[in-house]
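**Student:** Structure incoming, see below.
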Amino acid sequence: MQRFVQSQHVFGIWKPGLWCCLREHARWFAAAAGPPSQKRKLLADGPTLADFLVSTSGDHTGSSVLSKSGTPTRLLERQIDSRRKRPTVGASASVVEALRALDADLAETPPAPYKVFIETYGCAMNTSDSEIVASILAARPDWFQLLNGPSASPDEADVVLINSCAIRDKPEVRVLQRLSMLRAAERGRGQRAPRRILGLLGCMAERLKTRLLDEMPSKRLVDLVVGPDSYRDLPLLLQGLVRTTDLQRFAYHVQLSLEETYADIAPLRDHGLITAYVSIMRGCNNHCAFCVVPQTRGPERSREPASIWNEIESLGNEGFKEVVLLGQNVNSYCYQSDHPYPKVTKFADLLEGVCEIAERHSMRVRYTSPHPKDFPHEVLRLYTRYAPGTLCRQIHVPMQSGSSEVLRRMRRGYTREEYLALVARIRDTVGADVALSTDIISGFCGETEAEHAETISLMEQVRFDQAFMFAYSERERTIAARLYADDIPKEVKLRRLGEIISTQLKISAERARAMVGTEQRVLVEEVVHANERQRLDSEISGKQATPAWIARTESNRRVWIPFSEKHTVEGPGPMHKHRQPCIGDYVEVSITGVSGNRLIGEIVN
Ligand code: SAH
Ligand code: SF4
Ligand code: F3S
């Protein structure tokens with residue numbers, strides 16, 4: 001019953017009037033309202049997404065929905081009318097026509113599949129989502145051909161999907177500029193060529209919902225808007241769109257979900273990768289004052305552990321060498337199963353299972369991001385349990401600010417002192433050489449010079465190996481936008497950001513120099529051949545350019561290893577004995593120097 005109430009909340013706050021939402025959460029209603037057999041029949045007879053699109057196409061207030069049988073169903077009118085919200089699934093009349101036709105001849109496929117190009121912006125979560133989108137589309141090879149790969153270009157694509165980020169204003173502007181460029185490029189394709197479909201996916205799609213579709217058709221930057229929880233419907237929406245050349249066409253689906261984790265979809269990863277991102281949870285319940293993510297990715301939900309462990313096992317069998325577990329707050333991972341008996345799996349349990357598998361396959365494990373407010377000690381204890389290099393001794397601990405007062409306004413749930421205590425606990429348990437990275441925001445609402453100085457002093461106290469640093473960018477409808485004035489002038493934010501960056505550069509360089517003379521086990525990620533000689537020339541100060549291996553330490557630093565004939569590794573068979581290292585090999589290197597922020601190494605045979 002509690003869940004039933006939750007879902008009402010979803011309709012009321014986020015998505016009024018959605019049949020597909022009802023279908024998605026229908027079992028909760030069934031649990032509250034009737035026997036399962038009756039519910040199954042209702043679902044089977046119920047409307048499809050196409051029905052919903054038909055019903056919403058002419059009526060953007062979404063106040064009435066037609067069922068498959070043609071009976072108008074009034075859904076949650078009160079909420080819809082009072083909030084004047086748009087439905088979150090929709091399409092133009094021409095697309096609806098196309099979908100109707102599609103219903104009749106679903107078996108009929110196009111003469112050639114439509115070429116789809118996916119471009120990704122934002123965090124690792126978006127990279128992982130693009131792999132899920134690719135997998136969903138690749139399941140219909142008769143309809144869609146994916147163009148991604150090193151030589152692919154959007155120029156030859158019939159459909160370009162931009163997976164976008166909304167975290168700050170800058171990434172949004174970049175995506176809008178990219179969309180304008182792609183749209184402008186169509187003019188060069190001539191009148192006769194059918195207009196290419198441009199789709200916006202990801203966090204910006206969810207944040208802006210139908211705003212970009214409100215433009216006049218000739219000025220519209222996109223034809224399709226699909227949020228992070230609606231990717232399963234992409235094939236259907238695209239099938240409707242590609243079937244019409246009408247300039248008025250558009251389609252959107254920005255329904256957030258309480259339970260979608262795409263657990264059953266095997267992401268389609270690029271060939272040749274050795275690092276795999278594995279999404280373990282979606283959404284976030286934290287509502288830090290500055291952050292748009294809870295709006296764009298919805299409430300937190302954890303993916304079933306067995307599906308994660310199975311994926312890691314497959315990655316090991318496929319030869320991947322590193323897995324990065326992804327979530328907005330991985331510490332709060334919590335999966336509750338009822339079968340075969342009630343059991344709760346927390347992040348430490350999940351990670352333990354992942355490490356067991358990774359150790360067997362000689363894979364490295366990383367995770368991002370844990371939240372400093374609730375870092376579980378059981379997770380730290382795992383670092384002493386596994387073979388060196390399995391659970392990488394590198395932890396991202398996003399601090400955001402060094403001032404307890406700013407942290408309070410940010411609603412981060414910890415103080416400066418608690419943060420420092422966590423850092424001490426991590427170094428005590430994992431080891432003094434653990435590499436720490438962080439995120440920092442400059443110029444949050446009301447930040448004084450003294451509070452900014454506290455951030456610099458915390459950086460100097462902790463001495464992070466790496467930091468991701470940003471100027472505060474106000475996001476609509478966040479707690480900060482509602483409660484506080486964005487009152488730090490841009491030039492002050494940037495000056496403070498500059499001070500934060502130069503502090504970090506100094507610390508990073510000192511920490512890098514401290515590694516000279518140590519031996520590190522590194523994973524080869526790239527081989528740079530002689531034809532990139534000029535790039536090498538400029539990067540390795542003044543020396544004759546030579547080809548090199550680029551590898552990564554457990555602490556997540558890049559190491560440049562100039563080629564040398566004498567450097568060999570043991571291959572698997574007699575034929576491969578003493579071969580040159582390849583991408584995906586672990587090698588022992590001695591750190592011989594530092595160039596800029598990068599380490600220089602020499603293989604120790
Ligand atoms: N879930 C992660 C954060 C993901 S967003 C965590 O809590 O660590 C990545 C980073 O973007 C944040 O840590 C923060 O430093 C930065 N960020 C988020 N919103 C921002 C905003 N409105 N302005 C500037 N930086 C922001
Ligand atoms: Fe945003 Fe905070 Fe959630 Fe991170 S933990 S995604 S910063 S709300
Ligand atoms: Fe990631 Fe950007 Fe969304 S940081 S979660 S893609 S807003």
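Letters A, B, ... mark the chains of the structure tokens in the order given; residue numbers begin at 1 per chain; ligand numbers begin at 1, in order shown.
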Residues of chain A that approach ligand 1 to 6 Å or less, counting only C-alpha atoms and all ligand atoms: could you list each one with the shortest pair of atoms and its distance in Å to one decimal, rows by chain and increasing residue number, as JSON lines?
**Tutor:**
{"residue": "A:Ile167", "atom": "CA", "partner": "ligand 1", "partner_atom_place_in_ligand_line": "19 (N)", "distance": 5.2}
{"residue": "A:Arg168", "atom": "CA", "partner": "ligand 1", "partner_atom_place_in_ligand_line": "21 (C)", "distance": 5.3}
{"residue": "A:Phe290", "atom": "CA", "partner": "ligand 1", "partner_atom_place_in_ligand_line": "22 (N)", "distance": 4.6}
{"residue": "A:Cys291", "atom": "CA", "partner": "ligand 1", "partner_atom_place_in_ligand_line": "19 (N)", "distance": 4.2}
{"residue": "A:Gln328", "atom": "CA", "partner": "ligand 1", "partner_atom_place_in_ligand_line": "1 (N)", "distance": 3.8}
{"residue": "A:Asn329", "atom": "CA", "partner": "ligand 1", "partner_atom_place_in_ligand_line": "1 (N)", "distance": 5.4}
{"residue": "A:Ser369", "atom": "CA", "partner": "ligand 1", "partner_atom_place_in_ligand_line": "8 (O)", "distance": 5.3}
{"residue": "A:His371", "atom": "CA", "partner": "ligand 1", "partner_atom_place_in_ligand_line": "7 (O)", "distance": 5.7}
{"residue": "A:Pro398", "atom": "CA", "partner": "ligand 1", "partner_atom_place_in_ligand_line": "8 (O)", "distance": 4.8}
{"residue": "A:Gln400", "atom": "CA", "partner": "ligand 1", "partner_atom_place_in_ligand_line": "15 (O)", "distance": 5.5}
{"residue": "A:Asp439", "atom": "CA", "partner": "ligand 1", "partner_atom_place_in_ligand_line": "15 (O)", "distance": 4.4}
{"residue": "A:Ile440", "atom": "CA", "partner": "ligand 1", "partner_atom_place_in_ligand_line": "15 (O)", "distance": 5.0}
{"residue": "A:Ile441", "atom": "CA", "partner": "ligand 1", "partner_atom_place_in_ligand_line": "15 (O)", "distance": 5.3}
{"residue": "A:Phe470", "atom": "CA", "partner": "ligand 1", "partner_atom_place_in_ligand_line": "25 (N)", "distance": 5.1}
{"residue": "A:Ala471", "atom": "CA", "partner": "ligand 1", "partner_atom_place_in_ligand_line": "24 (C)", "distance": 5.3}
{"residue": "A:Tyr472", "atom": "CA", "partner": "ligand 1", "partner_atom_place_in_ligand_line": "23 (N)", "distance": 3.8}
{"residue": "A:Ser473", "atom": "CA", "partner": "ligand 1", "partner_atom_place_in_ligand_line": "23 (N)", "distance": 3.9}
{"residue": "A:Glu474", "atom": "CA", "partner": "ligand 1", "partner_atom_place_in_ligand_line": "22 (N)", "distance": 5.1}
{"residue": "A:Arg475", "atom": "CA", "partner": "ligand 1", "partner_atom_place_in_ligand_line": "22 (N)", "distance": 5.6}
**Student:** Now that the selection is made, can you save its residues with all heavy atoms as a short mmCIF file (atom, residue, chain, number, x, y, z; two decimals), in the first residue's frame?
**Tutor:**
data_model
loop_
_atom_site.label_atom_id
_atom_site.label_comp_id
_atom_site.auth_asym_id
_atom_site.auth_seq_id
_atom_site.Cartn_x
_atom_site.Cartn_y
_atom_site.Cartn_z
N ILE A 167 24.01 19.19 -16.06
CA ILE A 167 24.52 19.47 -14.72
C ILE A 167 24.85 20.94 -14.50
O ILE A 167 24.65 21.48 -13.43
CB ILE A 167 25.74 18.55 -14.40
CG1 ILE A 167 25.97 18.45 -12.91
CG2 ILE A 167 27.02 18.98 -15.10
CD1 ILE A 167 25.14 17.47 -12.22
N ARG A 168 25.37 21.59 -15.56
CA ARG A 168 25.65 23.03 -15.51
C ARG A 168 25.19 23.65 -16.81
O ARG A 168 24.87 22.94 -17.76
CB ARG A 168 27.17 23.27 -15.32
CG ARG A 168 27.69 22.96 -13.94
CD ARG A 168 29.20 23.04 -13.87
NE ARG A 168 29.82 22.07 -14.76
CZ ARG A 168 29.99 20.79 -14.46
NH1 ARG A 168 29.65 20.34 -13.28
NH2 ARG A 168 30.53 19.97 -15.33
N PHE A 290 22.33 22.31 -4.90
CA PHE A 290 22.76 22.84 -6.19
C PHE A 290 22.41 21.94 -7.36
O PHE A 290 22.59 22.32 -8.51
CB PHE A 290 24.28 23.06 -6.18
CG PHE A 290 25.06 21.84 -5.72
CD1 PHE A 290 25.29 20.79 -6.57
CD2 PHE A 290 25.53 21.75 -4.42
CE1 PHE A 290 25.98 19.66 -6.15
CE2 PHE A 290 26.22 20.62 -3.97
CZ PHE A 290 26.44 19.57 -4.86
N CYS A 291 21.94 20.73 -7.10
CA CYS A 291 22.03 19.67 -8.11
C CYS A 291 20.71 19.37 -8.82
O CYS A 291 19.65 19.21 -8.21
CB CYS A 291 22.56 18.41 -7.44
SG CYS A 291 22.86 17.10 -8.61
N GLN A 328 24.84 7.41 -8.67
CA GLN A 328 25.00 8.78 -8.17
C GLN A 328 25.41 8.79 -6.71
O GLN A 328 26.02 9.74 -6.23
CB GLN A 328 23.71 9.59 -8.36
CG GLN A 328 23.41 9.90 -9.80
CD GLN A 328 24.48 10.73 -10.48
OE1 GLN A 328 25.35 11.29 -9.82
NE2 GLN A 328 24.45 10.80 -11.79
N ASN A 329 25.05 7.76 -5.98
CA ASN A 329 25.48 7.63 -4.59
C ASN A 329 25.56 6.13 -4.29
O ASN A 329 24.63 5.54 -3.77
CB ASN A 329 24.48 8.33 -3.67
CG ASN A 329 24.83 8.14 -2.21
OD1 ASN A 329 25.88 7.58 -1.88
ND2 ASN A 329 23.96 8.57 -1.32
N SER A 369 29.93 7.38 -7.72
CA SER A 369 30.59 8.08 -6.66
C SER A 369 30.01 7.65 -5.31
O SER A 369 28.79 7.54 -5.21
CB SER A 369 30.25 9.56 -6.76
OG SER A 369 30.77 10.18 -7.86
N HIS A 371 29.14 8.79 -1.46
CA HIS A 371 28.82 10.08 -0.83
C HIS A 371 29.51 10.14 0.52
O HIS A 371 29.41 9.20 1.31
CB HIS A 371 27.31 10.21 -0.67
CG HIS A 371 26.86 11.62 -0.42
ND1 HIS A 371 27.26 12.33 0.68
CD2 HIS A 371 26.09 12.45 -1.15
CE1 HIS A 371 26.73 13.54 0.63
NE2 HIS A 371 26.02 13.64 -0.49
N PRO A 398 33.68 13.20 -3.11
CA PRO A 398 33.34 14.58 -3.52
C PRO A 398 33.08 15.50 -2.34
O PRO A 398 32.11 15.32 -1.60
CB PRO A 398 32.05 14.40 -4.33
CG PRO A 398 31.79 12.94 -4.42
CD PRO A 398 32.64 12.23 -3.44
N GLN A 400 33.01 19.12 -2.37
CA GLN A 400 32.23 20.30 -2.81
C GLN A 400 32.69 21.61 -2.18
O GLN A 400 32.85 22.59 -2.87
CB GLN A 400 30.71 20.13 -2.59
CG GLN A 400 30.11 18.80 -3.02
CD GLN A 400 30.24 18.49 -4.50
OE1 GLN A 400 30.75 19.29 -5.26
NE2 GLN A 400 29.82 17.31 -4.91
N ASP A 439 35.40 16.39 -6.01
CA ASP A 439 34.71 17.42 -6.81
C ASP A 439 34.59 18.66 -5.94
O ASP A 439 34.30 18.56 -4.74
CB ASP A 439 33.27 16.99 -7.15
CG ASP A 439 33.20 15.83 -8.10
OD1 ASP A 439 34.21 15.51 -8.74
OD2 ASP A 439 32.11 15.23 -8.22
N ILE A 440 34.80 19.83 -6.55
CA ILE A 440 34.73 21.09 -5.78
C ILE A 440 33.93 22.12 -6.59
O ILE A 440 34.10 22.24 -7.80
CB ILE A 440 36.15 21.64 -5.50
CG1 ILE A 440 36.98 20.60 -4.74
CG2 ILE A 440 36.07 22.95 -4.71
CD1 ILE A 440 38.44 20.96 -4.59
N ILE A 441 33.07 22.86 -5.88
CA ILE A 441 32.30 23.93 -6.53
C ILE A 441 32.76 25.26 -5.96
O ILE A 441 32.82 25.43 -4.74
CB ILE A 441 30.79 23.76 -6.28
CG1 ILE A 441 30.30 22.43 -6.87
CG2 ILE A 441 30.00 24.93 -6.86
CD1 ILE A 441 28.83 22.13 -6.63
N PHE A 470 34.58 23.12 -10.53
CA PHE A 470 33.56 23.82 -11.31
C PHE A 470 33.15 25.12 -10.65
O PHE A 470 33.14 25.21 -9.42
CB PHE A 470 32.28 22.96 -11.43
CG PHE A 470 32.54 21.51 -11.71
CD1 PHE A 470 32.53 20.56 -10.67
CD2 PHE A 470 32.80 21.08 -12.99
CE1 PHE A 470 32.78 19.22 -10.93
CE2 PHE A 470 33.06 19.74 -13.26
CZ PHE A 470 33.04 18.81 -12.22
N ALA A 471 32.75 26.09 -11.48
CA ALA A 471 32.11 27.30 -10.94
C ALA A 471 30.62 26.99 -10.79
O ALA A 471 30.03 26.32 -11.65
CB ALA A 471 32.31 28.46 -11.90
N TYR A 472 30.02 27.46 -9.71
CA TYR A 472 28.61 27.18 -9.47
C TYR A 472 27.75 27.72 -10.62
O TYR A 472 27.93 28.84 -11.08
CB TYR A 472 28.16 27.79 -8.14
CG TYR A 472 26.67 27.69 -7.93
CD1 TYR A 472 26.04 26.44 -7.86
CD2 TYR A 472 25.86 28.83 -7.82
CE1 TYR A 472 24.67 26.34 -7.69
CE2 TYR A 472 24.50 28.73 -7.65
CZ TYR A 472 23.91 27.48 -7.59
OH TYR A 472 22.55 27.38 -7.43
N SER A 473 26.82 26.88 -11.07
CA SER A 473 25.92 27.26 -12.15
C SER A 473 24.49 26.98 -11.66
O SER A 473 24.15 25.83 -11.36
CB SER A 473 26.27 26.40 -13.37
OG SER A 473 25.26 26.36 -14.31
N GLU A 474 23.71 28.02 -11.53
CA GLU A 474 22.37 27.82 -10.96
C GLU A 474 21.50 27.00 -11.91
O GLU A 474 21.48 27.26 -13.11
CB GLU A 474 21.70 29.17 -10.70
CG GLU A 474 20.38 29.01 -9.99
CD GLU A 474 19.71 30.35 -9.70
OE1 GLU A 474 19.17 30.96 -10.64
OE2 GLU A 474 19.74 30.76 -8.54
N ARG A 475 20.80 26.02 -11.36
CA ARG A 475 19.90 25.20 -12.17
C ARG A 475 18.47 25.43 -11.71
O ARG A 475 18.20 25.44 -10.51
CB ARG A 475 20.23 23.68 -12.03
CG ARG A 475 21.66 23.29 -12.20
CD ARG A 475 22.35 23.90 -13.39
NE ARG A 475 21.98 23.32 -14.66
CZ ARG A 475 21.79 24.05 -15.78
NH1 ARG A 475 21.93 25.36 -15.75
NH2 ARG A 475 21.46 23.47 -16.90
#
**Student:** Could you give me the residues within 12 Å of ligand 2, counting only C-alpha atoms and all ligand atoms, as a VMD selection string?
**Tutor:** chain A and resid 123 125 166 to 168 203 281 to 300 326 to 332 368 to 374 397 to 400 407 410 to 413 438 to 441 475 478 to 480
**Student:** Measuring atom to atom with only C-alpha atoms and all ligand atoms, identify which of A:Arg381, A:Phe468, A:Arg220, A:Arg366 is nearest to ligand 3.
**Tutor:** A:Phe468
**Student:** Would you mind telling me which residue in A:Ser92, A:Ser401, A:Thr448, A:Thr120 lies nearest to ligand 3 when using only C-alpha atoms and all ligand atoms?
**Tutor:**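 For ligand 3, the nearest of the given residues is A:Thr120.
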**Student:** Using only C-alpha atoms and all ligand atoms, can you tell me which of A:Gly122, A:Pro342, A:Gly593, A:Pro489 comes closest to ligand 3?
**Tutor:** A:Gly122
**Student:** So, with only C-alpha atoms and all ligand atoms as the atoms that count, which of A:Glu206, A:Glu359, A:Glu525, A:Glu417 lies closest to ligand 3?
**Tutor:**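 When distances to ligand 3 are compared using only C-alpha atoms and all ligand atoms, the smallest one comes from A:Glu206.
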**Student:** Let me make sure I understand: among A:Val159, A:Ala134, A:Ala263, A:Ala358, which one has the smallest atom-to-atom distance to A:Glu186 if we use only C-alpha atoms?
**Tutor:** A:Val159
**Student:** Considering only C-alpha atoms and all ligand atoms, can you say which of A:Met204, A:Ile265, A:Ile162, A:Ala453 comes closest to ligand 3?
**Tutor:** A:Met204
**Student:** Between atom CA of A:Asp229 and atom CA of A:Glu260, what is the distance, to one decimal in Å?
**Tutor:**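 Here the two named atoms are 6.4 Å from each other.
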**Student:** Using only C-alpha atoms, which residues sit within 7 Å of stretch 497-508 of chain A once same-chain residues fewer than 3 positions away are excluded, as an mmCIF file with C-alpha atoms, in the first residue's frame?
**Tutor:**
data_model
loop_
_atom_site.group_PDB
_atom_site.id
_atom_site.type_symbol
_atom_site.label_atom_id
_atom_site.label_comp_id
_atom_site.auth_asym_id
_atom_site.auth_seq_id
_atom_site.Cartn_x
_atom_site.Cartn_y
_atom_site.Cartn_z
ATOM 1 C CA SER A 442 33.436 27.570 -6.357
ATOM 2 C CA ILE A 456 41.643 25.987 -0.251
ATOM 3 C CA ARG A 463 46.183 16.753 -0.609
ATOM 4 C CA ASP A 465 45.616 13.336 -6.180
ATOM 5 C CA GLN A 466 43.019 14.679 -8.566
ATOM 6 C CA ALA A 467 40.077 17.084 -8.469
ATOM 7 C CA MET A 469 36.528 21.713 -10.206
ATOM 8 C CA PHE A 470 33.557 23.816 -11.315
ATOM 9 C CA ALA A 471 32.114 27.304 -10.938
ATOM 10 C CA LYS A 493 33.381 32.688 -9.113
ATOM 11 C CA LEU A 494 35.984 32.361 -11.866
ATOM 12 C CA ARG A 511 52.197 13.969 -5.445
ATOM 13 C CA ALA A 512 53.328 12.866 -8.909
#
**Student:** Would you list the contacts of stretch 419-428 of chain A as a ChimeraX atom specification, taking every protein, DNA or RNA residue within 9 Å and counting only C-alpha atoms, but skipping same-chain residues closer than 5 positions in sequence?
**Tutor:** /A:372-373,375,377,380,395,397,399,402,414,433-434,436,458,461-462
**Student:** Rounded to one decimal, what separation in Å do you get between atom CA of A:Thr390 and atom CA of A:Glu318?
**Tutor:**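 Going from atom CA of A:Thr390 over to atom CA of A:Glu318, I get 17.5 Å.
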**Student:** Mind checking DSSP for stretch 142-320 of chain A and telling me the strand (DSSP E) residues as a PyMOL selection string?
**Tutor:** chain A and resi 144-146+159-164+197-201+224-226+251-253+275-279+281-282+301-302
**Student:** Produce a file of the selected residues containing N, CA and C atoms, as a PDB file, in the first residue's frame.
**Tutor:**
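The resulting file, selection-v9.pdb, is reproduced below:
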ATOM      1  N   PHE A 144      17.271  -0.743 -37.741  1.00  0.00           N
ATOM      2  CA  PHE A 144      18.308   0.233 -37.377  1.00  0.00           C
ATOM      3  C   PHE A 144      19.711  -0.345 -37.547  1.00  0.00           C
ATOM      4  N   GLN A 145      20.587   0.487 -38.115  1.00  0.00           N
ATOM      5  CA  GLN A 145      21.995   0.104 -38.218  1.00  0.00           C
ATOM      6  C   GLN A 145      22.806   1.157 -37.473  1.00  0.00           C
ATOM      7  N   LEU A 146      23.575   0.713 -36.488  1.00  0.00           N
ATOM      8  CA  LEU A 146      24.349   1.680 -35.686  1.00  0.00           C
ATOM      9  C   LEU A 146      25.641   2.048 -36.396  1.00  0.00           C
ATOM     10  N   VAL A 159      19.438   9.134 -38.559  1.00  0.00           N
ATOM     11  CA  VAL A 159      18.993   9.529 -37.215  1.00  0.00           C
ATOM     12  C   VAL A 159      20.234   9.854 -36.383  1.00  0.00           C
ATOM     13  N   VAL A 160      20.265  11.050 -35.786  1.00  0.00           N
ATOM     14  CA  VAL A 160      21.374  11.375 -34.875  1.00  0.00           C
ATOM     15  C   VAL A 160      20.777  11.570 -33.481  1.00  0.00           C
ATOM     16  N   LEU A 161      21.290  10.809 -32.530  1.00  0.00           N
ATOM     17  CA  LEU A 161      20.793  10.911 -31.152  1.00  0.00           C
ATOM     18  C   LEU A 161      21.883  11.531 -30.293  1.00  0.00           C
ATOM     19  N   ILE A 162      21.559  12.635 -29.618  1.00  0.00           N
ATOM     20  CA  ILE A 162      22.533  13.302 -28.757  1.00  0.00           C
ATOM     21  C   ILE A 162      22.147  13.008 -27.314  1.00  0.00           C
ATOM     22  N   ASN A 163      23.011  12.273 -26.607  1.00  0.00           N
ATOM     23  CA  ASN A 163      22.758  11.961 -25.201  1.00  0.00           C
ATOM     24  C   ASN A 163      23.382  13.077 -24.354  1.00  0.00           C
ATOM     25  N   SER A 164      22.560  13.854 -23.687  1.00  0.00           N
ATOM     26  CA  SER A 164      22.991  15.157 -23.177  1.00  0.00           C
ATOM     27  C   SER A 164      23.124  15.209 -21.650  1.00  0.00           C
ATOM     28  N   ILE A 197      16.504  12.870 -38.789  1.00  0.00           N
ATOM     29  CA  ILE A 197      15.868  12.972 -37.465  1.00  0.00           C
ATOM     30  C   ILE A 197      16.935  13.288 -36.427  1.00  0.00           C
ATOM     31  N   LEU A 198      16.691  14.339 -35.668  1.00  0.00           N
ATOM     32  CA  LEU A 198      17.604  14.679 -34.579  1.00  0.00           C
ATOM     33  C   LEU A 198      16.884  14.408 -33.261  1.00  0.00           C
ATOM     34  N   GLY A 199      17.516  13.647 -32.396  1.00  0.00           N
ATOM     35  CA  GLY A 199      16.877  13.302 -31.120  1.00  0.00           C
ATOM     36  C   GLY A 199      17.727  13.742 -29.956  1.00  0.00           C
ATOM     37  N   LEU A 200      17.077  14.268 -28.937  1.00  0.00           N
ATOM     38  CA  LEU A 200      17.779  14.646 -27.706  1.00  0.00           C
ATOM     39  C   LEU A 200      17.446  13.597 -26.649  1.00  0.00           C
ATOM     40  N   LEU A 201      18.473  12.968 -26.100  1.00  0.00           N
ATOM     41  CA  LEU A 201      18.279  11.975 -25.043  1.00  0.00           C
ATOM     42  C   LEU A 201      18.907  12.511 -23.753  1.00  0.00           C
ATOM     43  N   LEU A 224      12.824  14.674 -31.670  1.00  0.00           N
ATOM     44  CA  LEU A 224      12.559  13.611 -30.703  1.00  0.00           C
ATOM     45  C   LEU A 224      13.216  13.977 -29.372  1.00  0.00           C
ATOM     46  N   VAL A 225      12.477  13.800 -28.277  1.00  0.00           N
ATOM     47  CA  VAL A 225      13.022  14.076 -26.942  1.00  0.00           C
ATOM     48  C   VAL A 225      12.716  12.858 -26.064  1.00  0.00           C
ATOM     49  N   VAL A 226      13.759  12.206 -25.570  1.00  0.00           N
ATOM     50  CA  VAL A 226      13.528  10.986 -24.774  1.00  0.00           C
ATOM     51  C   VAL A 226      14.397  11.020 -23.511  1.00  0.00           C
ATOM     52  N   ALA A 251       8.174  13.636 -31.613  1.00  0.00           N
ATOM     53  CA  ALA A 251       7.733  12.642 -30.630  1.00  0.00           C
ATOM     54  C   ALA A 251       8.543  12.839 -29.360  1.00  0.00           C
ATOM     55  N   TYR A 252       7.959  12.515 -28.247  1.00  0.00           N
ATOM     56  CA  TYR A 252       8.700  12.645 -26.986  1.00  0.00           C
ATOM     57  C   TYR A 252       8.197  11.638 -25.964  1.00  0.00           C
ATOM     58  N   HIS A 253       9.069  11.304 -25.057  1.00  0.00           N
ATOM     59  CA  HIS A 253       8.714  10.399 -23.966  1.00  0.00           C
ATOM     60  C   HIS A 253       9.688  10.715 -22.822  1.00  0.00           C
ATOM     61  N   THR A 275      38.021  -1.236 -20.472  1.00  0.00           N
ATOM     62  CA  THR A 275      37.321  -0.786 -19.266  1.00  0.00           C
ATOM     63  C   THR A 275      35.824  -0.763 -19.556  1.00  0.00           C
ATOM     64  N   ALA A 276      35.039  -1.343 -18.638  1.00  0.00           N
ATOM     65  CA  ALA A 276      33.586  -1.357 -18.834  1.00  0.00           C
ATOM     66  C   ALA A 276      32.905  -0.617 -17.694  1.00  0.00           C
ATOM     67  N   TYR A 277      31.972   0.263 -18.036  1.00  0.00           N
ATOM     68  CA  TYR A 277      31.132   0.912 -17.026  1.00  0.00           C
ATOM     69  C   TYR A 277      29.934   0.010 -16.769  1.00  0.00           C
ATOM     70  N   VAL A 278      29.640  -0.229 -15.501  1.00  0.00           N
ATOM     71  CA  VAL A 278      28.490  -1.065 -15.158  1.00  0.00           C
ATOM     72  C   VAL A 278      27.595  -0.266 -14.215  1.00  0.00           C
ATOM     73  N   SER A 279      26.421   0.055 -14.690  1.00  0.00           N
ATOM     74  CA  SER A 279      25.504   0.852 -13.895  1.00  0.00           C
ATOM     75  C   SER A 279      24.841  -0.041 -12.843  1.00  0.00           C
ATOM     76  N   MET A 281      22.929   1.309 -10.166  1.00  0.00           N
ATOM     77  CA  MET A 281      21.709   1.949  -9.652  1.00  0.00           C
ATOM     78  C   MET A 281      21.404   3.170 -10.512  1.00  0.00           C
ATOM     79  N   ARG A 282      20.183   3.680 -10.402  1.00  0.00           N
ATOM     80  CA  ARG A 282      19.810   4.880 -11.155  1.00  0.00           C
ATOM     81  C   ARG A 282      19.156   5.869 -10.200  1.00  0.00           C
ATOM     82  N   ARG A 301      16.960   3.922  -7.479  1.00  0.00           N
ATOM     83  CA  ARG A 301      16.599   2.496  -7.497  1.00  0.00           C
ATOM     84  C   ARG A 301      17.830   1.672  -7.787  1.00  0.00           C
ATOM     85  N   SER A 302      17.921   0.525  -7.115  1.00  0.00           N
ATOM     86  CA  SER A 302      19.102  -0.328  -7.237  1.00  0.00           C
ATOM     87  C   SER A 302      18.806  -1.499  -8.147  1.00  0.00           C
TER      88      SER A 302
END
**Student:** Quick check, in Å to one decimal: how far apart do atom CA of A:Met181 and atom CA of A:Val133 lie?
**Tutor:**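 Between these atoms lies a distance of 23.0 Å.
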